[in-house]
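Asker: One file: query03.cif (mmCIF, N, CA and C atoms).
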```
data_start
loop_
_atom_site.label_atom_id
_atom_site.label_comp_id
_atom_site.auth_asym_id
_atom_site.auth_seq_id
_atom_site.Cartn_x
_atom_site.Cartn_y
_atom_site.Cartn_z
N ARG A 1 134.60 83.98 60.11
CA ARG A 1 135.39 82.77 59.99
C ARG A 1 134.67 81.73 59.17
N SER A 2 135.41 81.15 58.34
CA SER A 2 134.79 80.06 57.57
C SER A 2 135.05 78.74 58.30
N ARG A 3 134.11 77.89 58.20
CA ARG A 3 134.26 76.57 58.83
C ARG A 3 134.48 75.55 57.73
N ARG A 4 135.43 74.77 57.93
CA ARG A 4 135.61 73.70 56.97
C ARG A 4 134.95 72.44 57.54
N PRO A 5 134.41 71.64 56.70
CA PRO A 5 133.72 70.44 57.17
C PRO A 5 134.71 69.48 57.83
N GLU A 6 134.22 68.85 58.89
CA GLU A 6 135.05 67.86 59.56
C GLU A 6 135.08 66.59 58.72
N GLU A 7 136.26 66.05 58.59
CA GLU A 7 136.39 64.81 57.85
C GLU A 7 136.50 63.67 58.82
N SER A 8 135.84 62.58 58.50
CA SER A 8 135.86 61.42 59.37
C SER A 8 136.36 60.23 58.59
N LEU A 9 137.13 59.40 59.26
CA LEU A 9 137.62 58.19 58.62
C LEU A 9 136.59 57.07 58.72
N ASP A 10 135.58 57.26 59.56
CA ASP A 10 134.56 56.24 59.74
C ASP A 10 133.59 56.26 58.56
N VAL A 11 133.19 55.09 58.17
CA VAL A 11 132.16 54.96 57.15
C VAL A 11 130.82 55.09 57.87
N PRO A 12 129.98 56.02 57.46
CA PRO A 12 128.72 56.20 58.16
C PRO A 12 127.91 54.90 58.22
N GLY A 13 127.47 54.58 59.43
CA GLY A 13 126.64 53.41 59.62
C GLY A 13 127.38 52.09 59.68
N ALA A 14 128.71 52.11 59.56
CA ALA A 14 129.46 50.87 59.53
C ALA A 14 129.39 50.12 60.85
N TYR A 15 129.35 50.84 61.96
CA TYR A 15 129.36 50.19 63.26
C TYR A 15 128.08 50.44 64.03
N GLU A 16 127.10 51.02 63.38
CA GLU A 16 125.85 51.34 64.05
C GLU A 16 124.74 50.47 63.47
N PRO A 17 123.78 50.07 64.33
CA PRO A 17 122.67 49.31 63.78
C PRO A 17 121.81 50.18 62.89
N LEU A 18 121.12 49.58 61.96
CA LEU A 18 120.20 50.33 61.12
C LEU A 18 119.06 50.84 62.01
N ASP A 19 118.39 51.87 61.55
CA ASP A 19 117.28 52.42 62.33
C ASP A 19 116.29 51.32 62.65
N GLY A 20 115.92 51.24 63.94
CA GLY A 20 114.92 50.28 64.37
C GLY A 20 115.46 48.90 64.65
N GLU A 21 116.71 48.63 64.33
CA GLU A 21 117.29 47.32 64.59
C GLU A 21 118.19 47.40 65.82
N PRO A 22 118.04 46.46 66.75
CA PRO A 22 118.91 46.48 67.93
C PRO A 22 120.32 46.07 67.56
N ASN A 23 121.29 46.58 68.32
CA ASN A 23 122.65 46.10 68.08
C ASN A 23 122.79 44.73 68.73
N ALA A 24 123.93 44.09 68.57
CA ALA A 24 124.10 42.71 69.02
C ALA A 24 123.86 42.55 70.52
N SER A 25 124.38 43.47 71.34
CA SER A 25 124.20 43.32 72.78
C SER A 25 122.75 43.55 73.19
N GLU A 26 122.06 44.47 72.52
CA GLU A 26 120.64 44.69 72.83
C GLU A 26 119.81 43.48 72.41
N ALA A 27 120.13 42.88 71.27
CA ALA A 27 119.39 41.71 70.81
C ALA A 27 119.58 40.56 71.77
N LEU A 28 120.78 40.39 72.26
CA LEU A 28 121.06 39.32 73.21
C LEU A 28 120.28 39.58 74.49
N ASP A 29 120.29 40.80 74.97
CA ASP A 29 119.55 41.13 76.18
C ASP A 29 118.06 40.89 75.98
N THR A 30 117.54 41.29 74.85
CA THR A 30 116.12 41.09 74.56
C THR A 30 115.80 39.60 74.50
N SER A 31 116.66 38.84 73.87
CA SER A 31 116.46 37.40 73.77
C SER A 31 116.48 36.75 75.15
N GLN A 32 117.43 37.16 75.97
CA GLN A 32 117.52 36.61 77.32
C GLN A 32 116.30 36.99 78.15
N ARG A 33 115.86 38.23 78.00
CA ARG A 33 114.67 38.67 78.74
C ARG A 33 113.44 37.90 78.30
N SER A 34 113.29 37.72 77.00
CA SER A 34 112.14 36.98 76.48
C SER A 34 112.12 35.55 77.01
N GLU A 35 113.26 34.91 77.02
CA GLU A 35 113.36 33.54 77.53
C GLU A 35 113.02 33.50 79.02
N LEU A 36 113.50 34.46 79.77
CA LEU A 36 113.21 34.52 81.20
C LEU A 36 111.71 34.68 81.44
N VAL A 37 111.08 35.59 80.71
CA VAL A 37 109.64 35.81 80.86
C VAL A 37 108.88 34.55 80.48
N ARG A 38 109.28 33.89 79.40
CA ARG A 38 108.61 32.65 79.00
C ARG A 38 108.70 31.59 80.10
N ARG A 39 109.88 31.45 80.71
CA ARG A 39 110.05 30.47 81.79
C ARG A 39 109.20 30.81 83.00
N VAL A 40 109.15 32.09 83.34
CA VAL A 40 108.36 32.50 84.50
C VAL A 40 106.87 32.32 84.23
N VAL A 41 106.41 32.67 83.04
CA VAL A 41 105.00 32.47 82.70
C VAL A 41 104.68 30.97 82.74
N ALA A 42 105.57 30.14 82.23
CA ALA A 42 105.35 28.69 82.23
C ALA A 42 105.28 28.13 83.65
N SER A 43 105.89 28.81 84.61
CA SER A 43 105.89 28.32 85.99
C SER A 43 104.64 28.73 86.77
N LEU A 44 103.79 29.56 86.17
CA LEU A 44 102.56 29.98 86.85
C LEU A 44 101.58 28.80 86.92
N PRO A 45 100.69 28.84 87.91
CA PRO A 45 99.64 27.81 87.95
C PRO A 45 98.83 27.84 86.66
N ASP A 46 98.26 26.69 86.29
CA ASP A 46 97.56 26.54 85.01
C ASP A 46 96.55 27.65 84.73
N GLY A 47 95.69 27.94 85.68
CA GLY A 47 94.65 28.94 85.47
C GLY A 47 95.22 30.31 85.16
N GLN A 48 96.22 30.72 85.91
CA GLN A 48 96.85 32.03 85.69
C GLN A 48 97.58 32.04 84.36
N ARG A 49 98.29 30.97 84.06
CA ARG A 49 99.07 30.90 82.82
C ARG A 49 98.15 31.00 81.60
N GLU A 50 97.02 30.28 81.62
CA GLU A 50 96.09 30.33 80.49
C GLU A 50 95.53 31.73 80.29
N VAL A 51 95.13 32.37 81.38
CA VAL A 51 94.55 33.71 81.28
C VAL A 51 95.59 34.72 80.81
N ILE A 52 96.78 34.65 81.37
CA ILE A 52 97.86 35.57 80.97
C ILE A 52 98.17 35.37 79.48
N ALA A 53 98.27 34.13 79.05
CA ALA A 53 98.60 33.85 77.63
C ALA A 53 97.51 34.37 76.70
N LEU A 54 96.26 34.11 77.03
CA LEU A 54 95.18 34.56 76.15
C LEU A 54 95.08 36.08 76.13
N PHE A 55 95.23 36.71 77.29
CA PHE A 55 95.07 38.15 77.37
C PHE A 55 96.24 38.90 76.73
N TYR A 56 97.47 38.50 77.08
CA TYR A 56 98.64 39.25 76.59
C TYR A 56 99.19 38.73 75.26
N LEU A 57 99.25 37.43 75.09
CA LEU A 57 99.86 36.90 73.87
C LEU A 57 98.86 36.83 72.72
N GLU A 58 97.65 36.37 73.01
CA GLU A 58 96.62 36.29 71.97
C GLU A 58 95.83 37.59 71.84
N GLU A 59 96.05 38.52 72.78
CA GLU A 59 95.43 39.84 72.79
C GLU A 59 93.90 39.79 72.77
N LEU A 60 93.35 38.84 73.54
CA LEU A 60 91.90 38.77 73.68
C LEU A 60 91.44 39.72 74.77
N GLU A 61 90.22 40.20 74.64
CA GLU A 61 89.60 41.03 75.68
C GLU A 61 89.22 40.13 76.85
N VAL A 62 88.99 40.72 78.02
CA VAL A 62 88.65 39.96 79.21
C VAL A 62 87.41 39.08 78.96
N LEU A 63 86.39 39.65 78.34
CA LEU A 63 85.17 38.87 78.08
C LEU A 63 85.43 37.73 77.09
N GLU A 64 86.33 37.94 76.15
CA GLU A 64 86.69 36.88 75.21
C GLU A 64 87.44 35.76 75.91
N VAL A 65 88.33 36.13 76.83
CA VAL A 65 89.05 35.13 77.62
C VAL A 65 88.05 34.33 78.44
N ALA A 66 87.12 35.04 79.09
CA ALA A 66 86.10 34.38 79.91
C ALA A 66 85.29 33.40 79.07
N SER A 67 84.89 33.81 77.89
CA SER A 67 84.10 32.95 77.01
C SER A 67 84.91 31.75 76.54
N THR A 68 86.16 31.99 76.16
CA THR A 68 87.03 30.93 75.67
C THR A 68 87.26 29.86 76.73
N LEU A 69 87.48 30.29 77.97
CA LEU A 69 87.77 29.35 79.06
C LEU A 69 86.52 28.93 79.83
N ASN A 70 85.36 29.46 79.41
CA ASN A 70 84.10 29.17 80.09
C ASN A 70 84.19 29.51 81.58
N LEU A 71 84.67 30.72 81.85
CA LEU A 71 84.83 31.22 83.22
C LEU A 71 84.06 32.52 83.39
N PRO A 72 83.65 32.83 84.63
CA PRO A 72 83.06 34.15 84.87
C PRO A 72 84.10 35.25 84.69
N LYS A 73 83.63 36.44 84.31
CA LYS A 73 84.52 37.58 84.12
C LYS A 73 85.35 37.86 85.37
N GLY A 74 84.75 37.78 86.54
CA GLY A 74 85.45 38.03 87.80
C GLY A 74 86.61 37.07 88.03
N THR A 75 86.43 35.83 87.64
CA THR A 75 87.50 34.84 87.78
C THR A 75 88.68 35.19 86.87
N VAL A 76 88.37 35.60 85.66
CA VAL A 76 89.42 36.00 84.72
C VAL A 76 90.18 37.20 85.28
N LEU A 77 89.44 38.19 85.78
CA LEU A 77 90.08 39.38 86.34
C LEU A 77 90.96 39.03 87.55
N SER A 78 90.48 38.14 88.39
CA SER A 78 91.28 37.78 89.57
C SER A 78 92.52 36.99 89.17
N ARG A 79 92.39 36.10 88.19
CA ARG A 79 93.57 35.34 87.73
C ARG A 79 94.57 36.24 87.03
N LEU A 80 94.08 37.22 86.29
CA LEU A 80 94.98 38.20 85.67
C LEU A 80 95.74 38.96 86.74
N SER A 81 95.03 39.41 87.75
CA SER A 81 95.66 40.17 88.83
C SER A 81 96.70 39.33 89.57
N ARG A 82 96.32 38.12 89.93
CA ARG A 82 97.26 37.23 90.63
C ARG A 82 98.44 36.85 89.75
N GLY A 83 98.17 36.63 88.47
CA GLY A 83 99.26 36.31 87.55
C GLY A 83 100.23 37.46 87.38
N ARG A 84 99.70 38.68 87.26
CA ARG A 84 100.58 39.87 87.17
C ARG A 84 101.41 40.02 88.44
N ASP A 85 100.77 39.84 89.60
CA ASP A 85 101.50 39.95 90.87
C ASP A 85 102.62 38.92 90.94
N ALA A 86 102.33 37.70 90.54
CA ALA A 86 103.34 36.64 90.56
C ALA A 86 104.48 36.95 89.60
N LEU A 87 104.14 37.43 88.40
CA LEU A 87 105.18 37.80 87.44
C LEU A 87 106.04 38.93 87.98
N ARG A 88 105.39 39.94 88.53
CA ARG A 88 106.12 41.09 89.07
C ARG A 88 107.08 40.64 90.18
N GLU A 89 106.59 39.78 91.05
CA GLU A 89 107.41 39.29 92.18
C GLU A 89 108.59 38.47 91.68
N ARG A 90 108.32 37.55 90.76
CA ARG A 90 109.38 36.66 90.28
C ARG A 90 110.38 37.35 89.38
N LEU A 91 109.95 38.41 88.70
CA LEU A 91 110.86 39.12 87.78
C LEU A 91 111.52 40.33 88.43
N SER A 92 111.13 40.68 89.64
CA SER A 92 111.65 41.89 90.28
C SER A 92 113.16 41.84 90.51
N ALA A 93 113.71 40.66 90.67
CA ALA A 93 115.15 40.52 90.89
C ALA A 93 115.94 40.86 89.63
N TYR A 94 115.28 40.84 88.49
CA TYR A 94 115.97 41.08 87.23
C TYR A 94 115.75 42.48 86.77
#
```
Show me this structure written as structure tokens.

Answerer:
Amino acid sequence: RSRRPEESLDVPGAYEPLDGEPNASEALDTSQRSELVRRVVASLPDGQREVIALFYLEELEVLEVASTLNLPKGTVLSRLSRGRDALRERLSAY
């Protein structure tokens, strides 16, 4: 049996996002999630917020965070842990 090619009236890619680009609903969800995370991080106590921001947003190592904030390494580690726990708790509903 010979197969004839299927013909489609759709223009390829007309309704699909380009590779690597989110579609409109995904972009909106990502934007909403980012805003939620920013608000929750902003609500953390100062010490936790600073450590979380330097470690995750500025991508500093623990020792670099400690040096930047003039804190012992253990304090940075404990604030990271408490900050993660607080974020996990506050974001778990979402």

Asker: What residues in stretch 21-87 of chain A get the DSSP label alpha helix (DSSP H)? Please answer as number ranges by chain.

Answerer: A: 24-42, 46-52, 62-69, 73-87

Asker: Just the number, please: distance in Å from atom CA of A:Arg39 to atom CA of A:Arg90, one decimal.

Answerer: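 According to the coordinates, atom CA of A:Arg39 and atom CA of A:Arg90 are separated by 10.5 Å.
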
Asker: Tell me, in Å to one decimal, how far atom CA of A:Gly47 is from atom CA of A:Thr75.

Answerer: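 According to the coordinates, atom CA of A:Gly47 and atom CA of A:Thr75 are separated by 9.6 Å.
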
Asker: Give me, please, the distance in Å between atom CA of A:Gly83 and atom CA of A:Leu57, quoted to one decimal.

Answerer: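 Interatomic distance here is 13.7 Å.
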
Asker: Evaluate the PyMOL selection byres ((chain A and resi 48) around 8) and record the selected residues as an NGL selection string, following the chain and residue labels used in the document.

Answerer: :A and (41 or 44-47 or 49-54 or 78-84)
